[in-house]
$ cat final.tsv   # TSV, C-alpha atoms
chain	number	residue	atom	x	y	z
E	16	MET	CA	11.58	7.84	22.76
E	17	SER	CA	14.33	7.00	20.28
E	18	MET	CA	14.48	8.60	16.85
E	19	VAL	CA	14.12	5.97	14.13
E	20	THR	CA	15.97	7.09	11.01
E	21	GLU	CA	15.83	3.93	8.90
E	22	LEU	CA	13.41	1.13	8.07
E	23	THR	CA	14.86	-2.23	9.16
E	24	ILE	CA	13.88	-5.80	8.26
E	25	PRO	CA	12.08	-6.39	11.63
E	26	MET	CA	10.14	-3.13	11.09
E	27	ALA	CA	9.19	-4.17	7.55
E	28	GLN	CA	8.02	-7.56	8.84
E	29	ASN	CA	6.00	-5.91	11.61
E	30	TRP	CA	4.48	-3.51	9.07
E	31	LEU	CA	3.32	-6.19	6.63
E	32	SER	CA	2.11	-8.43	9.49
E	33	GLU	CA	-0.01	-5.55	10.79
E	34	PHE	CA	-1.23	-4.79	7.26
E	35	CYS	CA	-2.30	-8.43	6.88
E	36	LYS	CA	-4.27	-8.24	10.15
E	37	ALA	CA	-5.88	-4.94	9.07
E	38	VAL	CA	-6.89	-6.33	5.66
E	39	ILE	CA	-8.47	-9.43	7.22
E	40	GLU	CA	-10.41	-7.21	9.66
E	41	LEU	CA	-11.50	-4.94	6.78
E	42	GLU	CA	-12.49	-7.83	4.48
E	43	ASP	CA	-16.29	-7.34	4.71
E	44	HIS	CA	-16.03	-3.54	4.58
E	45	LEU	CA	-13.78	-3.68	1.47
E	46	ASN	CA	-16.17	-6.15	-0.20
E	47	GLU	CA	-19.09	-3.81	0.53
E	48	LEU	CA	-17.25	-0.84	-0.98
E	49	ASP	CA	-16.28	-2.95	-3.98
E	50	ALA	CA	-19.86	-4.19	-4.47
E	51	ALA	CA	-20.84	-0.59	-5.20
E	52	VAL	CA	-18.19	-0.09	-7.90
E	53	GLY	CA	-16.83	-3.52	-8.83
E	54	ASP	CA	-17.34	-7.25	-8.34
E	55	GLY	CA	-17.46	-7.13	-4.53
E	56	GLU	CA	-14.33	-9.23	-4.06
E	57	HIS	CA	-11.56	-6.75	-3.22
E	58	GLY	CA	-11.67	-7.65	0.48
E	59	SER	CA	-11.81	-11.40	-0.12
E	60	ASN	CA	-9.01	-11.32	-2.68
E	61	LEU	CA	-6.68	-9.24	-0.51
E	62	SER	CA	-7.50	-11.31	2.58
E	63	ASN	CA	-6.44	-14.46	0.72
E	64	GLY	CA	-3.10	-12.78	0.07
E	65	ALA	CA	-2.86	-11.60	3.67
E	66	ARG	CA	-3.37	-15.13	5.00
E	67	ALA	CA	-0.78	-16.52	2.57
E	68	LEU	CA	1.68	-13.82	3.68
E	69	GLN	CA	1.06	-14.53	7.38
E	70	GLU	CA	1.83	-18.20	6.71
E	71	SER	CA	4.97	-17.37	4.73
E	72	PHE	CA	6.34	-15.16	7.53
E	73	LYS	CA	6.80	-18.30	9.62
E	74	GLY	CA	9.70	-19.27	7.32
E	75	PRO	CA	13.35	-18.21	7.63
E	76	GLN	CA	14.12	-14.49	7.94
E	77	SER	CA	15.20	-12.58	4.84
E	78	LYS	CA	18.78	-11.31	4.69
E	79	SER	CA	17.90	-7.97	3.07
E	80	LEU	CA	14.91	-5.67	2.68
E	81	GLY	CA	15.01	-6.34	-1.05
E	82	GLU	CA	14.74	-10.08	-0.50
E	83	PHE	CA	11.92	-9.61	2.02
E	84	PHE	CA	9.85	-7.35	-0.27
E	85	GLU	CA	10.44	-9.61	-3.26
E	86	PHE	CA	9.29	-12.64	-1.29
E	87	ALA	CA	6.19	-10.76	-0.06
E	88	GLY	CA	5.42	-9.45	-3.56
E	89	MET	CA	5.64	-12.89	-5.17
E	90	THR	CA	3.48	-14.38	-2.40
E	91	ILE	CA	0.78	-11.75	-3.10
E	92	ILE	CA	0.95	-12.24	-6.88
E	93	ASN	CA	0.65	-16.03	-6.49
E	94	SER	CA	-2.20	-15.98	-3.98
E	95	VAL	CA	-4.43	-13.00	-4.83
E	96	GLY	CA	-7.03	-13.08	-7.58
E	97	GLY	CA	-8.17	-10.04	-9.53
E	98	ALA	CA	-6.28	-6.88	-10.35
E	99	SER	CA	-5.36	-6.16	-6.73
E	100	GLY	CA	-2.88	-9.05	-6.61
E	101	ALA	CA	-0.94	-7.73	-9.59
E	102	LEU	CA	-1.05	-4.15	-8.30
E	103	TYR	CA	0.00	-4.85	-4.71
E	104	GLY	CA	2.54	-7.38	-5.96
E	105	THR	CA	4.00	-4.74	-8.27
E	106	LEU	CA	4.21	-2.26	-5.39
E	107	LEU	CA	6.20	-4.71	-3.26
E	108	LEU	CA	8.44	-5.77	-6.14
E	109	ARG	CA	9.26	-2.11	-6.87
E	110	LEU	CA	10.14	-1.63	-3.17
E	111	SER	CA	12.31	-4.72	-3.52
E	112	ASP	CA	14.20	-3.33	-6.54
E	113	VAL	CA	15.10	-0.08	-4.77
E	114	THR	CA	16.09	-1.79	-1.49
E	115	ALA	CA	18.01	-4.68	-3.12
E	116	ASN	CA	20.90	-5.89	-0.90
E	117	LYS	CA	20.08	-3.28	1.78
E	118	THR	CA	19.42	-4.24	5.39
E	119	THR	CA	18.09	-0.74	6.19
E	120	ALA	CA	16.54	2.07	4.16
E	121	ASN	CA	16.37	5.76	5.09
E	122	LEU	CA	13.60	8.18	4.15
E	123	ASN	CA	15.27	9.13	0.87
E	124	ILE	CA	15.46	5.49	-0.25
E	125	MET	CA	11.91	4.70	0.91
E	126	SER	CA	10.62	7.78	-0.90
E	127	GLN	CA	12.35	6.61	-4.11
E	128	ALA	CA	10.97	3.10	-3.57
E	129	PHE	CA	7.37	4.31	-3.23
E	130	ASP	CA	7.79	6.68	-6.17
E	131	SER	CA	8.92	3.70	-8.26
E	132	ALA	CA	5.94	1.69	-6.95
E	133	LEU	CA	3.55	4.46	-7.99
E	134	GLU	CA	5.09	4.51	-11.47
E	135	GLY	CA	4.80	0.72	-11.78
E	136	ILE	CA	1.18	0.67	-10.63
E	137	MET	CA	0.14	3.53	-12.94
E	138	GLU	CA	1.82	1.76	-15.84
E	139	LEU	CA	0.28	-1.64	-15.09
E	140	GLY	CA	-3.22	-0.37	-14.30
E	141	ARG	CA	-3.07	2.42	-16.90
E	142	ALA	CA	-4.51	4.59	-14.14
E	143	LYS	CA	-3.82	8.18	-13.24
E	144	PRO	CA	-4.89	10.37	-10.31
E	145	GLY	CA	-8.63	11.11	-10.54
E	146	ASP	CA	-9.59	7.73	-12.06
E	147	LYS	CA	-10.97	6.53	-8.67
E	148	THR	CA	-8.42	3.78	-7.96
E	149	LEU	CA	-5.81	3.05	-5.30
E	150	VAL	CA	-3.59	5.57	-7.17
E	151	ASP	CA	-5.74	8.31	-5.60
E	152	ALA	CA	-4.39	7.34	-2.15
E	153	LEU	CA	-0.88	6.34	-3.27
E	154	HIS	CA	-0.11	9.42	-5.39
E	155	PRO	CA	-0.67	12.03	-2.62
E	156	ALA	CA	1.21	9.83	-0.12
E	157	VAL	CA	4.23	9.64	-2.46
E	158	SER	CA	4.09	13.41	-3.13
E	159	SER	CA	4.08	13.91	0.65
E	160	LEU	CA	7.13	11.63	1.08
E	161	ILE	CA	9.07	13.52	-1.61
E	162	ALA	CA	8.23	16.83	0.16
E	163	SER	CA	9.34	15.30	3.48
E	164	VAL	CA	12.75	14.43	2.01
E	165	GLN	CA	13.17	18.07	0.94
E	166	ASN	CA	12.04	19.24	4.40
E	167	SER	CA	14.46	16.82	6.14
E	168	ASP	CA	11.57	15.30	8.14
E	169	ASP	CA	12.33	12.30	10.34
E	170	LEU	CA	11.04	8.88	9.26
E	171	LEU	CA	8.03	8.82	11.61
E	172	GLY	CA	7.03	12.40	10.79
E	173	ALA	CA	7.30	11.71	7.06
E	174	PHE	CA	5.17	8.55	7.11
E	175	THR	CA	2.63	10.11	9.49
E	176	LYS	CA	2.17	12.92	6.93
E	177	ALA	CA	2.08	10.40	4.06
E	178	CYS	CA	-0.64	8.42	5.85
E	179	HIS	CA	-2.68	11.62	6.33
E	180	ALA	CA	-2.24	12.46	2.62
E	181	ALA	CA	-3.43	8.95	1.67
E	182	GLU	CA	-6.50	9.32	3.94
E	183	LEU	CA	-7.42	12.65	2.32
E	184	GLY	CA	-6.88	11.22	-1.16
E	185	CYS	CA	-9.02	8.21	-0.34
E	186	ALA	CA	-11.87	10.38	1.00
E	187	LYS	CA	-11.86	12.41	-2.23
E	188	THR	CA	-12.59	9.27	-4.29
E	189	ALA	CA	-16.22	9.44	-3.08
E	190	GLN	CA	-16.72	12.46	-5.36
E	191	MET	CA	-15.10	10.77	-8.36
E	192	GLU	CA	-16.58	8.81	-11.22
E	193	ALA	CA	-14.75	5.50	-11.75
E	194	ARG	CA	-12.81	5.39	-15.01
E	195	LYS	CA	-10.94	2.09	-14.59
E	196	GLY	CA	-11.85	-1.54	-14.00
E	197	ARG	CA	-15.38	-2.75	-13.43
E	198	GLY	CA	-16.27	0.45	-11.63
E	199	SER	CA	-16.12	2.28	-14.96
E	200	TYR	CA	-19.20	0.30	-16.11
E	201	GLN	CA	-21.20	1.98	-13.35
E	202	GLY	CA	-20.56	5.46	-14.76
E	203	GLU	CA	-22.08	8.18	-12.59
E	204	ARG	CA	-23.53	5.57	-10.22
E	205	SER	CA	-20.00	5.06	-8.87
E	206	ILE	CA	-20.09	8.62	-7.45
E	207	GLY	CA	-20.82	8.74	-3.72
E	208	HIS	CA	-18.80	5.62	-2.88
E	209	VAL	CA	-15.24	5.58	-1.56
E	210	ASP	CA	-12.91	3.45	-3.69
E	211	PRO	CA	-12.02	0.08	-2.07
E	212	GLY	CA	-8.46	0.06	-3.48
E	213	ALA	CA	-7.78	3.54	-2.12
E	214	THR	CA	-9.13	2.32	1.24
E	215	SER	CA	-6.78	-0.68	1.40
E	216	MET	CA	-3.85	1.49	0.21
E	217	THR	CA	-4.53	3.95	3.03
E	218	SER	CA	-4.37	1.01	5.43
E	219	LEU	CA	-0.94	0.10	4.00
E	220	PHE	CA	0.39	3.55	4.92
E	221	LYS	CA	-1.37	3.59	8.28
E	222	THR	CA	0.18	0.28	9.36
E	223	LEU	CA	3.62	1.42	8.16
E	224	SER	CA	3.35	4.67	10.12
E	225	ASN	CA	2.18	2.69	13.19
E	226	SER	CA	5.09	0.24	12.89
E	227	ILE	CA	7.66	3.06	12.75
E	228	ASP	CA	5.95	4.61	15.78
E	229	PHE	CA	6.06	1.27	17.62
E	230	PHE	CA	9.80	0.91	17.01
E	231	SER	CA	10.38	4.53	18.08
E	232	LYS	CA	9.20	3.82	21.61

$ encode --input "final.tsv" --output "C-alpha cells"
Amino acid sequence: MSMVTELTIPMAQNWLSEFCKAVIELEDHLNELDAAVGDGEHGSNLSNGARALQESFKGPQSKSLGEFFEFAGMTIINSVGGASGALYGTLLLRLSDVTANKTTANLNIMSQAFDSALEGIMELGRAKPGDKTLVDALHPAVSSLIASVQNSDDLLGAFTKACHAAELGCAKTAQMEARKGRGSYQGERSIGHVDPGATSMTSLFKTLSNSIDFFSK
C-alpha cells in the first residue's frame, strides 16, 4: 500500500465521478428526505447535475486542479435547479480558487480549500451550524480536516476522519428544527427527519475518502 500525500487530477476526477454515481443511486432517497422538509426535489436536482458532469468528463482533461474544479462547478451551476446547484457550485468554485494552477494539493491546501468552501456556502445560504442544512455535515468535516493538519495526519486518515465527522453531523440533523429554505415552513414538523443536503454532503466526503483509498492501493 503506497502512502498518498496529495490529491491529483486523476484522483479528483475519480472522486467526482464516484460522487455522481452515488447521487444518481441516492436520487429517490434524497427526494424522500426532501419531501419531509422541502419540495421533494433535492435528489432529482442533484442527479441532473451529476448526469451533466458525467457527460462533461468525456471532454479533454484539465491541466490543473483549479481548472477541473472550476469546470465542474460551472457545470453544476448551469445544470442544477434549486438552491443545491448554487451551493454545490460554490463549493467547487471555492476549491478551484485555492487550487488554481496546481496539479496536486496536499492536506493543508485541501483543508484551506474546504474551509473556504464552507465560508462561501454559509455566506450564500445565510446558514450556520444547527440550521438543519448541508452546513451541518460540512462544518464538522472541515473542523476535522483542520485538526488533521495540526496532527500531521496523512491524506487518507484525514479524509476518513472528515467523512466520519460529516456522517455524525448529518445524523444529528434529525433532532434539529429546520431554520432555512422551505424546511423552515414546516417548523417543528421538520424534527425527526435527516436533512437531505447534509446527506448528499456526507456522500461527497465518503466518495472522496474512497477515491484516496483506491489510489493508495

$ atom_distance --input "final.tsv" --atom1 "atom CA of E:Phe86" --atom2 "atom CA of E:Ile124"
19.2 Å

$ closest_residue --input "final.tsv" --among "E:Ala156, E:Leu219, E:Ala115, E:Leu110" --to "E:Ser131" --atoms "all atoms listed in the file"
E:Leu110

$ closest_residue --input "final.tsv" --among "E:Gly97, E:Gly74, E:Pro155, E:Gly81" --to "E:His57" --atoms "only C-alpha atoms"
E:Gly97

$ residues_near_point --input "final.tsv" --point "(-3.5, 1.2, 1.6)" --cutoff "9 Å" --atoms "only C-alpha atoms" --output "list in words"
Phe34, Leu149, Ala152, Leu153, Cys178, Ala181, Glu182, Gly212, Ala213, Thr214, Ser215, Met216, Thr217, Ser218, Leu219, Phe220, Lys221 and Thr222 of chain E

$ atom_distance --input "final.tsv" --atom1 "atom CA of E:Leu108" --atom2 "atom CA of E:Lys73"
20.2 Å

$ closest_residue --input "final.tsv" --among "E:Gly172, E:Pro25, E:Gly135, E:Gly207" --to "E:Ala101" --atoms "all atoms listed in the file"
E:Gly135

$ residues_around --input "final.tsv" --residues "E:Ala120" --least-positions-apart "3" --cutoff "7 Å" --atoms "all atoms listed in the file" --output "list in words"
Glu21, Leu22, Thr23, Thr114, Lys117, Ile124 and Met125 of chain E

$ closest_atom_pairs --input "final.tsv" --of "stretch 85-146 of chain E" --to "stretch 37-55 of chain E" --cutoff "12 Å" --atoms "all atoms listed in the file" --output "tab-separated table"
residue	atom	partner	partner_atom	distance
E:Gly96	CA	E:Asp54	CA	11.9
E:Gly97	CA	E:Asp54	CA	9.7
E:Ala98	CA	E:Gly53	CA	11.2
E:Ser99	CA	E:Asp49	CA	11.7

$ closest_residue --input "final.tsv" --among "E:Leu80, E:Leu223, E:Leu61, E:Ala142" --to "E:Ala193" --atoms "all atoms listed in the file"
E:Ala142

$ atom_distance --input "final.tsv" --atom1 "atom CA of E:Lys187" --atom2 "atom CA of E:Ala162"
20.7 Å

$ closest_residue --input "final.tsv" --among "E:Thr188, E:Thr105, E:Thr175, E:Ser231" --to "E:Leu139" --atoms "only C-alpha atoms"
E:Thr105
